[in-house]
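File shown here: structure.txt, holding compact mmCIF, C-alpha atoms.
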# COMPACT_ATOMS: atom_id res chain seq x y z
CA MET A 1 -18.58 -1.00 -156.26
CA CYS A 2 -19.07 -4.65 -155.50
CA GLY A 3 -18.12 -6.52 -158.67
CA ALA A 4 -14.58 -7.53 -159.38
CA PRO A 5 -12.31 -4.79 -160.73
CA VAL A 6 -10.21 -5.26 -163.85
CA GLN A 7 -7.41 -7.62 -162.85
CA ASP A 8 -3.73 -6.82 -163.01
CA LEU A 9 -0.76 -7.65 -160.81
CA SER A 10 0.44 -4.13 -160.02
CA LEU A 11 0.24 -3.43 -156.27
CA GLU A 12 0.39 0.34 -156.70
CA GLY A 13 -1.95 2.12 -154.30
CA ILE A 14 -2.62 -0.98 -152.18
CA ASP A 15 -1.55 -1.09 -148.53
CA VAL A 16 0.03 -4.53 -148.65
CA ALA A 17 0.90 -4.50 -144.93
CA THR A 18 -2.77 -4.59 -143.90
CA GLU A 19 -4.08 -6.82 -146.68
CA THR A 20 -3.82 -10.57 -147.22
CA VAL A 21 -3.24 -10.75 -150.95
CA ILE A 22 -3.51 -13.92 -153.02
CA GLN A 23 -2.66 -13.39 -156.67
CA GLY A 24 -1.23 -15.11 -159.70
CA THR A 25 -1.83 -16.13 -163.28
CA VAL A 26 -3.79 -18.81 -165.12
CA THR A 27 -2.11 -20.46 -168.09
CA ARG A 28 -3.06 -23.09 -170.63
CA ASP A 29 -0.33 -24.86 -172.63
CA GLY A 30 2.14 -22.33 -171.27
CA GLN A 31 0.14 -19.34 -172.56
CA PRO A 32 -1.72 -16.84 -170.33
CA GLU A 33 -5.44 -17.63 -170.21
CA GLY A 34 -7.41 -14.37 -170.29
CA GLY A 35 -11.13 -14.49 -169.54
CA ALA A 36 -10.87 -17.50 -167.23
CA TYR A 37 -12.90 -17.52 -163.99
CA VAL A 38 -11.06 -17.95 -160.71
CA ARG A 39 -13.07 -18.73 -157.58
CA LEU A 40 -11.77 -18.41 -154.03
CA LEU A 41 -13.13 -21.14 -151.73
CA ASP A 42 -12.62 -21.12 -147.97
CA ALA A 43 -11.30 -24.05 -145.91
CA SER A 44 -14.77 -25.64 -145.83
CA GLY A 45 -15.07 -25.38 -149.62
CA GLU A 46 -17.54 -22.48 -149.40
CA PHE A 47 -17.46 -19.91 -152.21
CA THR A 48 -15.97 -16.59 -151.12
CA ALA A 49 -15.23 -14.61 -154.26
CA GLU A 50 -14.68 -14.88 -157.99
CA VAL A 51 -12.79 -12.80 -160.55
CA VAL A 52 -12.19 -12.99 -164.29
CA THR A 53 -8.55 -13.10 -165.38
CA SER A 54 -7.08 -10.21 -167.37
CA ALA A 55 -5.72 -10.59 -170.90
CA THR A 56 -2.43 -11.60 -169.27
CA GLY A 57 -4.17 -14.28 -167.19
CA ALA A 58 -3.83 -12.31 -163.94
CA PHE A 59 -6.10 -12.58 -160.87
CA ARG A 60 -6.03 -11.21 -157.32
CA PHE A 61 -7.96 -11.62 -154.05
CA PHE A 62 -7.96 -9.73 -150.76
CA ALA A 63 -8.55 -12.50 -148.27
CA ARG A 64 -7.67 -13.13 -144.63
CA PRO A 65 -4.91 -15.33 -143.25
CA GLY A 66 -5.50 -19.07 -143.58
CA SER A 67 -5.97 -21.91 -146.05
CA TRP A 68 -7.83 -21.29 -149.29
CA THR A 69 -8.59 -23.16 -152.49
CA LEU A 70 -8.42 -21.43 -155.86
CA ARG A 71 -10.55 -22.97 -158.60
CA ALA A 72 -10.01 -21.93 -162.22
CA LEU A 73 -12.77 -22.47 -164.81
CA ALA A 74 -12.30 -21.84 -168.52
CA SER A 75 -13.95 -22.66 -171.84
CA GLY A 76 -14.02 -26.28 -172.91
CA ASN A 77 -14.89 -27.38 -169.37
CA ALA A 78 -11.29 -26.82 -168.28
CA THR A 79 -11.01 -26.65 -164.50
CA LYS A 80 -8.14 -26.86 -162.00
CA ASP A 81 -7.83 -26.39 -158.23
CA ALA A 82 -4.84 -25.04 -156.29
CA ASN A 83 -4.44 -24.78 -152.51
CA VAL A 84 -2.70 -21.85 -150.85
CA ASP A 85 -1.85 -20.61 -147.35
CA ALA A 86 -2.19 -16.85 -147.09
CA LYS A 87 -0.60 -14.50 -144.54
CA GLN A 88 -1.37 -10.89 -143.72
CA GLY A 89 1.24 -8.50 -145.09
CA ASP A 90 2.38 -11.11 -147.59
CA VAL A 91 1.54 -11.45 -151.25
CA THR A 92 0.88 -15.12 -151.95
CA GLU A 93 1.74 -15.80 -155.60
CA THR A 94 0.25 -18.83 -157.33
CA SER A 95 0.14 -19.95 -160.91
CA ILE A 96 -2.52 -22.34 -162.13
CA SER A 97 -2.02 -24.29 -165.35
CA LEU A 98 -5.14 -25.76 -166.91
CA MET B 1 -44.10 -16.72 -161.44
CA ALA B 2 -42.12 -19.89 -161.86
CA ARG B 3 -38.76 -20.84 -163.30
CA ASN B 4 -39.99 -21.12 -166.91
CA ASP B 5 -41.57 -17.65 -166.79
CA VAL B 6 -38.48 -15.85 -165.52
CA LEU B 7 -35.45 -17.74 -166.82
CA VAL B 8 -34.32 -18.53 -170.35
CA ASP B 9 -31.35 -20.66 -171.34
CA ALA B 10 -28.64 -19.91 -173.89
CA ASP B 11 -30.31 -22.01 -176.61
CA TRP B 12 -33.49 -19.94 -176.26
CA VAL B 13 -31.48 -16.75 -176.59
CA GLU B 14 -29.70 -18.03 -179.72
CA GLN B 15 -33.09 -18.84 -181.25
CA HIS B 16 -34.38 -15.32 -180.52
CA LEU B 17 -31.32 -13.28 -181.57
CA ASP B 18 -33.26 -11.86 -184.54
CA ASP B 19 -36.64 -11.53 -182.83
CA PRO B 20 -37.47 -7.78 -182.95
CA LYS B 21 -39.64 -8.02 -179.81
CA VAL B 22 -36.87 -9.51 -177.70
CA VAL B 23 -34.24 -7.07 -176.43
CA LEU B 24 -31.06 -8.46 -174.94
CA VAL B 25 -29.51 -6.21 -172.30
CA GLU B 26 -26.06 -6.73 -170.79
CA VAL B 27 -25.79 -5.25 -167.29
CA ASP B 28 -22.40 -4.94 -165.68
CA GLU B 29 -20.55 -2.88 -163.17
CA ASP B 30 -17.39 -3.25 -165.25
CA THR B 31 -18.46 -1.71 -168.56
CA ALA B 32 -15.21 -2.75 -170.25
CA ALA B 33 -16.74 -6.23 -170.54
CA TYR B 34 -19.45 -5.04 -172.94
CA ASP B 35 -16.98 -2.92 -174.94
CA LYS B 36 -14.79 -5.95 -175.50
CA ASN B 37 -17.65 -8.13 -176.69
CA HIS B 38 -21.25 -9.08 -175.99
CA ILE B 39 -24.05 -11.26 -177.30
CA ARG B 40 -25.08 -10.11 -180.78
CA GLY B 41 -27.78 -7.44 -180.66
CA ALA B 42 -27.40 -6.76 -176.94
CA VAL B 43 -27.57 -3.18 -175.66
CA ARG B 44 -25.78 -2.13 -172.50
CA ILE B 45 -27.06 -0.80 -169.21
CA ASP B 46 -24.40 0.47 -166.84
CA TRP B 47 -25.33 -0.47 -163.29
CA LYS B 48 -23.83 2.70 -161.86
CA GLN B 49 -24.16 5.38 -164.56
CA ASP B 50 -27.63 4.40 -165.70
CA LEU B 51 -29.37 3.02 -162.62
CA GLN B 52 -28.01 5.13 -159.72
CA ASP B 53 -28.73 8.80 -159.11
CA PRO B 54 -25.45 10.68 -159.67
CA VAL B 55 -25.73 12.77 -156.48
CA ARG B 56 -28.04 11.23 -153.87
CA ARG B 57 -27.76 7.57 -152.95
CA ASP B 58 -30.92 6.31 -154.60
CA PHE B 59 -32.45 5.00 -157.79
CA VAL B 60 -33.00 7.12 -160.86
CA SER B 61 -36.52 8.58 -160.98
CA LYS B 62 -39.37 7.19 -163.06
CA GLU B 63 -38.74 9.95 -165.64
CA GLN B 64 -35.01 9.15 -165.82
CA PHE B 65 -35.77 5.44 -166.20
CA GLU B 66 -38.21 6.22 -169.02
CA LYS B 67 -35.57 8.34 -170.75
CA LEU B 68 -32.95 5.59 -170.36
CA LEU B 69 -35.15 2.84 -171.82
CA SER B 70 -36.38 5.09 -174.63
CA GLU B 71 -32.78 5.87 -175.61
CA LYS B 72 -31.87 2.19 -175.49
CA GLY B 73 -34.71 1.43 -177.88
CA ILE B 74 -36.75 -0.64 -175.43
CA GLY B 75 -40.54 -0.50 -175.81
CA ASP B 76 -43.22 -1.14 -173.19
CA ASP B 77 -44.28 -4.34 -174.95
CA ASP B 78 -40.78 -5.72 -175.59
CA THR B 79 -39.52 -8.80 -173.79
CA VAL B 80 -36.29 -7.82 -172.06
CA VAL B 81 -33.69 -10.55 -171.47
CA LEU B 82 -31.00 -9.51 -169.01
CA TYR B 83 -27.59 -11.06 -168.55
CA GLY B 84 -24.22 -9.99 -167.19
CA GLY B 85 -20.99 -10.88 -165.46
CA ASN B 86 -20.43 -11.65 -161.77
CA ASN B 87 -22.82 -14.62 -161.97
CA ASN B 88 -25.66 -12.32 -163.02
CA TRP B 89 -25.54 -10.18 -159.84
CA PHE B 90 -26.05 -6.90 -161.65
CA ALA B 91 -28.42 -8.46 -164.17
CA SER B 92 -30.51 -9.72 -161.23
CA TYR B 93 -30.41 -6.24 -159.76
CA ALA B 94 -31.59 -4.77 -163.07
CA TYR B 95 -34.30 -7.44 -163.25
CA TRP B 96 -35.57 -6.38 -159.83
CA TYR B 97 -35.33 -2.75 -160.94
CA PHE B 98 -37.35 -3.39 -164.14
CA LYS B 99 -39.99 -5.11 -161.99
CA LEU B 100 -39.95 -2.20 -159.57
CA TYR B 101 -40.83 0.14 -162.43
CA GLY B 102 -43.51 -2.22 -163.68
CA HIS B 103 -41.93 -3.90 -166.72
CA ASP B 104 -43.46 -7.38 -166.51
CA ALA B 105 -41.96 -9.04 -169.60
CA VAL B 106 -38.44 -9.40 -168.27
CA LYS B 107 -36.33 -12.55 -168.05
CA LEU B 108 -32.86 -13.53 -166.96
CA LEU B 109 -30.42 -15.57 -169.06
CA ASP B 110 -29.55 -18.52 -166.80
CA GLY B 111 -25.81 -18.52 -166.13
CA GLY B 112 -25.34 -15.07 -167.65
CA ARG B 113 -22.21 -14.11 -169.48
CA LYS B 114 -20.11 -16.72 -167.72
CA LYS B 115 -22.07 -19.77 -168.90
CA TRP B 116 -22.22 -18.25 -172.39
CA GLU B 117 -18.41 -17.82 -172.40
CA LEU B 118 -17.72 -21.24 -170.91
CA ASP B 119 -19.88 -22.73 -173.70
CA SER B 120 -17.73 -20.78 -176.23
CA ARG B 121 -20.86 -19.25 -177.80
CA GLU B 122 -20.62 -16.32 -180.22
CA LEU B 123 -19.73 -12.86 -178.87
CA VAL B 124 -19.39 -9.79 -181.12
CA ASP B 125 -18.04 -6.27 -180.66
CA ASP B 126 -20.30 -4.24 -182.97
CA GLN B 127 -22.95 -2.05 -181.38
CA PRO B 128 -26.56 -2.70 -182.35
CA GLN B 129 -28.67 0.11 -183.82
CA ARG B 130 -32.09 0.30 -182.20
CA GLY B 131 -34.55 3.07 -182.95
CA LYS B 132 -35.61 5.25 -180.04
CA THR B 133 -38.89 4.48 -178.33
CA SER B 134 -41.20 6.39 -176.05
CA TYR B 135 -41.11 4.23 -172.94
CA THR B 136 -43.61 4.69 -170.12
CA ALA B 137 -42.76 3.29 -166.68
CA LYS B 138 -45.16 2.69 -163.80
CA GLN B 139 -44.87 4.19 -160.32
CA PRO B 140 -42.23 2.30 -158.30
CA ASN B 141 -43.55 -0.82 -156.58
CA ASN B 142 -42.06 -0.67 -153.10
CA ASP B 143 -43.61 -4.03 -152.21
CA ILE B 144 -40.32 -5.52 -153.38
CA ARG B 145 -37.95 -2.89 -151.91
CA ALA B 146 -37.04 -2.72 -148.21
CA PHE B 147 -35.88 0.43 -146.41
CA ARG B 148 -33.73 0.61 -143.28
CA ASP B 149 -36.56 1.07 -140.73
CA GLU B 150 -38.31 -2.03 -142.04
CA VAL B 151 -35.09 -3.99 -141.54
CA VAL B 152 -34.76 -2.87 -137.92
CA ASP B 153 -38.46 -3.70 -137.36
CA ALA B 154 -37.97 -7.13 -138.91
CA ILE B 155 -35.36 -8.25 -136.35
CA GLY B 156 -36.66 -11.36 -134.60
CA LYS B 157 -39.93 -11.26 -136.57
CA LEU B 158 -39.39 -11.80 -140.30
CA ASN B 159 -36.87 -13.87 -142.24
CA LEU B 160 -33.74 -11.79 -142.66
CA VAL B 161 -31.40 -13.39 -145.17
CA ASP B 162 -27.83 -12.13 -145.31
CA VAL B 163 -26.44 -13.41 -148.60
CA ARG B 164 -22.83 -12.28 -148.15
CA SER B 165 -19.96 -14.72 -147.71
CA PRO B 166 -19.52 -16.30 -144.24
CA ASP B 167 -16.51 -14.08 -143.49
CA GLU B 168 -18.43 -10.90 -144.26
CA PHE B 169 -21.38 -12.15 -142.17
CA SER B 170 -19.22 -12.95 -139.14
CA GLY B 171 -17.43 -9.61 -139.38
CA LYS B 172 -14.01 -10.92 -140.40
CA LEU B 173 -14.25 -9.15 -143.76
CA LEU B 174 -16.04 -5.92 -144.70
CA ALA B 175 -16.19 -6.49 -148.45
CA PRO B 176 -16.06 -9.40 -150.86
CA ALA B 177 -12.57 -10.89 -151.04
CA HIS B 178 -11.81 -9.53 -154.49
CA LEU B 179 -11.86 -5.95 -153.13
CA PRO B 180 -9.53 -4.08 -150.77
CA GLN B 181 -10.95 -4.17 -147.25
CA GLU B 182 -10.72 -0.57 -145.98
CA GLN B 183 -14.25 0.68 -145.29
CA SER B 184 -15.86 3.10 -142.86
CA GLN B 185 -18.79 1.06 -141.59
CA ARG B 186 -18.95 -1.44 -138.72
CA ALA B 187 -18.55 -5.15 -139.43
CA GLY B 188 -21.10 -7.86 -138.62
CA HIS B 189 -24.73 -8.55 -139.48
CA VAL B 190 -28.31 -7.69 -138.56
CA PRO B 191 -29.29 -9.69 -135.44
CA THR B 192 -31.37 -12.82 -136.21
CA ALA B 193 -30.33 -12.78 -139.88
CA LYS B 194 -29.54 -16.15 -141.42
CA ASN B 195 -26.34 -16.34 -143.46
CA ILE B 196 -27.23 -18.04 -146.74
CA PRO B 197 -24.61 -16.91 -149.27
CA TRP B 198 -26.01 -16.15 -152.73
CA SER B 199 -23.46 -18.60 -154.14
CA LYS B 200 -25.28 -21.56 -152.57
CA ALA B 201 -28.14 -20.88 -154.98
CA ALA B 202 -25.89 -21.16 -158.03
CA ASN B 203 -23.81 -23.83 -159.70
CA ASP B 204 -20.13 -23.23 -160.52
CA ASP B 205 -21.09 -22.16 -164.06
CA GLY B 206 -23.44 -19.48 -162.73
CA THR B 207 -26.75 -21.24 -163.51
CA PHE B 208 -29.35 -21.52 -160.75
CA ARG B 209 -29.75 -24.77 -158.86
CA SER B 210 -32.94 -26.81 -159.28
CA ASP B 211 -36.19 -25.83 -157.54
CA ASP B 212 -35.91 -28.78 -155.16
CA GLU B 213 -32.32 -27.96 -154.25
CA LEU B 214 -33.25 -24.30 -153.68
CA LYS B 215 -36.27 -25.12 -151.48
CA LYS B 216 -34.16 -27.49 -149.41
CA LEU B 217 -31.36 -24.94 -149.10
CA TYR B 218 -33.52 -22.18 -147.62
CA SER B 219 -35.64 -24.42 -145.40
CA ASP B 220 -32.56 -26.26 -144.04
CA GLU B 221 -31.02 -22.88 -143.18
CA GLY B 222 -34.10 -21.86 -141.20
CA VAL B 223 -36.12 -19.69 -143.60
CA ASP B 224 -39.80 -19.95 -142.65
CA PHE B 225 -41.68 -19.87 -145.97
CA GLY B 226 -44.81 -18.82 -144.07
CA LYS B 227 -43.23 -15.48 -143.19
CA ASP B 228 -42.19 -12.40 -145.15
CA THR B 229 -38.52 -12.13 -146.07
CA ILE B 230 -35.97 -9.35 -146.48
CA ALA B 231 -32.69 -10.13 -148.27
CA TYR B 232 -29.59 -7.97 -148.05
CA CYS B 233 -25.87 -8.04 -148.86
CA ARG B 234 -23.37 -5.17 -149.09
CA ILE B 235 -24.90 -2.94 -151.78
CA GLY B 236 -27.99 -4.89 -152.82
CA GLU B 237 -26.95 -6.67 -156.00
CA ARG B 238 -26.03 -10.09 -154.59
CA SER B 239 -29.27 -9.94 -152.57
CA ALA B 240 -31.17 -9.14 -155.79
CA HIS B 241 -29.87 -12.54 -156.96
CA THR B 242 -31.40 -14.17 -153.85
CA TRP B 243 -34.57 -12.04 -154.17
CA PHE B 244 -34.86 -13.48 -157.70
CA VAL B 245 -34.54 -17.02 -156.35
CA LEU B 246 -37.10 -16.59 -153.57
CA HIS B 247 -39.65 -14.32 -155.24
CA GLU B 248 -39.40 -15.31 -158.91
CA ILE B 249 -38.21 -18.93 -159.06
CA LEU B 250 -39.72 -20.25 -155.80
CA ASP B 251 -42.72 -17.90 -156.03
CA GLN B 252 -42.60 -16.67 -152.42
CA PRO B 253 -45.17 -13.86 -152.22
CA GLN B 254 -43.57 -11.37 -149.83
CA VAL B 255 -39.86 -10.91 -150.43
CA LYS B 256 -38.07 -7.57 -150.40
CA ASN B 257 -34.56 -6.63 -151.41
CA TYR B 258 -32.86 -4.16 -149.06
CA ASP B 259 -30.67 -2.22 -151.49
CA GLY B 260 -29.21 -0.02 -148.75
CA SER B 261 -27.73 -3.26 -147.41
CA TRP B 262 -24.62 -3.41 -145.25
CA THR B 263 -23.04 -0.19 -146.52
CA GLU B 264 -26.10 1.61 -145.09
CA TYR B 265 -26.99 -0.59 -142.10
CA GLY B 266 -23.37 -0.88 -140.91
CA SER B 267 -23.11 2.92 -140.86
CA LEU B 268 -26.35 3.66 -138.96
CA VAL B 269 -26.01 5.13 -135.47
CA GLY B 270 -27.60 3.11 -132.70
CA VAL B 271 -28.90 0.07 -134.53
CA PRO B 272 -28.18 -3.42 -133.14
CA ILE B 273 -25.37 -5.40 -134.75
CA GLU B 274 -24.18 -8.93 -134.10
CA LYS B 275 -20.56 -9.81 -134.65
CA ASP B 276 -18.98 -13.25 -134.27
CA VAL B 277 -15.29 -12.30 -134.10

This structure in structure tokens:
Amino acid sequence: MCGAPVQDLSLEGIDVATETVIQGTVTRDGQPEGGAYVRLLDASGEFTAEVVTSATGAFRFFARPGSWTLRALASGNATKDANVDAKQGDVTETSISL
Amino acid sequence: MARNDVLVDADWVEQHLDDPKVVLVEVDEDTAAYDKNHIRGAVRIDWKQDLQDPVRRDFVSKEQFEKLLSEKGIGDDDTVVLYGGNNNWFASYAYWYFKLYGHDAVKLLDGGRKKWELDSRELVDDQPQRGKTSYTAKQPNNDIRAFRDEVVDAIGKLNLVDVRSPDEFSGKLLAPAHLPQEQSQRAGHVPTAKNIPWSKAANDDGTFRSDDELKKLYSDEGVDFGKDTIAYCRIGERSAHTWFVLHEILDQPQVKNYDGSWTEYGSLVGVPIEKDV
């Protein structure tokens, strides 16, 4: 498997201690935005990964410690960036409102 | 080949939705995407179930491919238009696969499912009914497929293009950052490979960059267009995207996709590996 799995925020079965998890939800007008695209960009702005949000607007990445930018894209040319600092063994939660 | 022979845009697809000689095919790894909705008239090919042998790690045989396309209602003289999620990774892989088995009239929808969704174009959930055909494939064309020994032989001689993200290339990560990282193989890259992530060839909406931008990208990163090229990634689908750029859009004559990619190379005993961390 290499494509993004179906997104949800349950951490069941994931060894959180060894992973650097960045996750959250995308909303628009206070409602979860399913089917939005979230890209993970490294500190130099280079693309690292992309997932599609679940029906509840959820997304998740397994990154490494450091600074990252999340970029949400959705229909109607809606786009929004959010910056996060991720740590190993921590789950970094972020919400992005379009 | 050139861009106009191998790529179609969403307007072209909308104009050909009812053309009986044009077959739209959605190719995904996550088949739930097609079940939810798809472009009207599109049939589905499952990257794993349909295109990988269920036991050995290899392609399906010519006979299995013929059976698959016959069941999907695809004829030898149909124009196949492929699209999918993940910025067309798996659609690019299927494109390469169709070419491997000699289907020449195949095109990619620029931007794939993502651009179509971002444009808010029509998606439906009903399954199309296509009559069965009797498809005949050609013998596989291994001029576009690289095997592990060719990759080892290419070190320091040919262009090796590693299209994974910089952190996978350096050895900091073993898989793309949307997947858990536990893996068995060693981290790093093939010595002398240039790291040119597939994503540099695409815009944010998943469409390919212009010919001039693409030429500049690969020459600035040290690809010698006078030499043969092998592209690889982790399992060969992101590198199919780059193979498409180099061989189909930029018309480079000798480009191979190494579908064994890092999950094979990084598990081989005794081969050289470079690691930056």

Kindly extract all protein, DNA and RNA residues lying within 12 Å of the coordinates (-36.2, 10.7, -171.2) given in the file, considering only C-alpha atoms, and supply them as a ChimeraX atom specification. /B:50,60-73,132-137

Define the interface residues of chain A facing chain B as those within 12 Å, counting only C-alpha atoms, and report them as a ChimeraX atom specification. /A:1-7,11,13-23,34-55,59-65,68,71-79

What lies within 6 Å of Val25 in chain B using all atoms listed in the file, ignoring chain neighbours under 6 positions off, as a list in words? Ala42, Val43, Arg44 and Leu82 of chain B

For range 252-266 of chain B, find every residue with an atom within 8 Å (counting all atoms listed in the file), except residues of its own chain fewer than 6 positions away, and show them as a PyMOL selection string. chain B and resi 143-148+151+185-189+225+227-237+239-240+243+246+273

So how many Å separate CA of Leu214 in chain B and CA of Asp153 in chain B, to one decimal?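 Interatomic distance, CA of Leu214 in chain B to CA of Asp153 in chain B: 26.8 Å.
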
Report the distance between CA of Glu93 in chain A and CA of Thr25 in chain A in Å, rounded to one decimal place. 8.5 Å

Quick one: pull the distance between CA of Glu33 in chain A and CA of Thr94 in chain A, Å, one decimal.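 Between CA of Glu33 in chain A and CA of Thr94 in chain A the gap is 14.1 Å.
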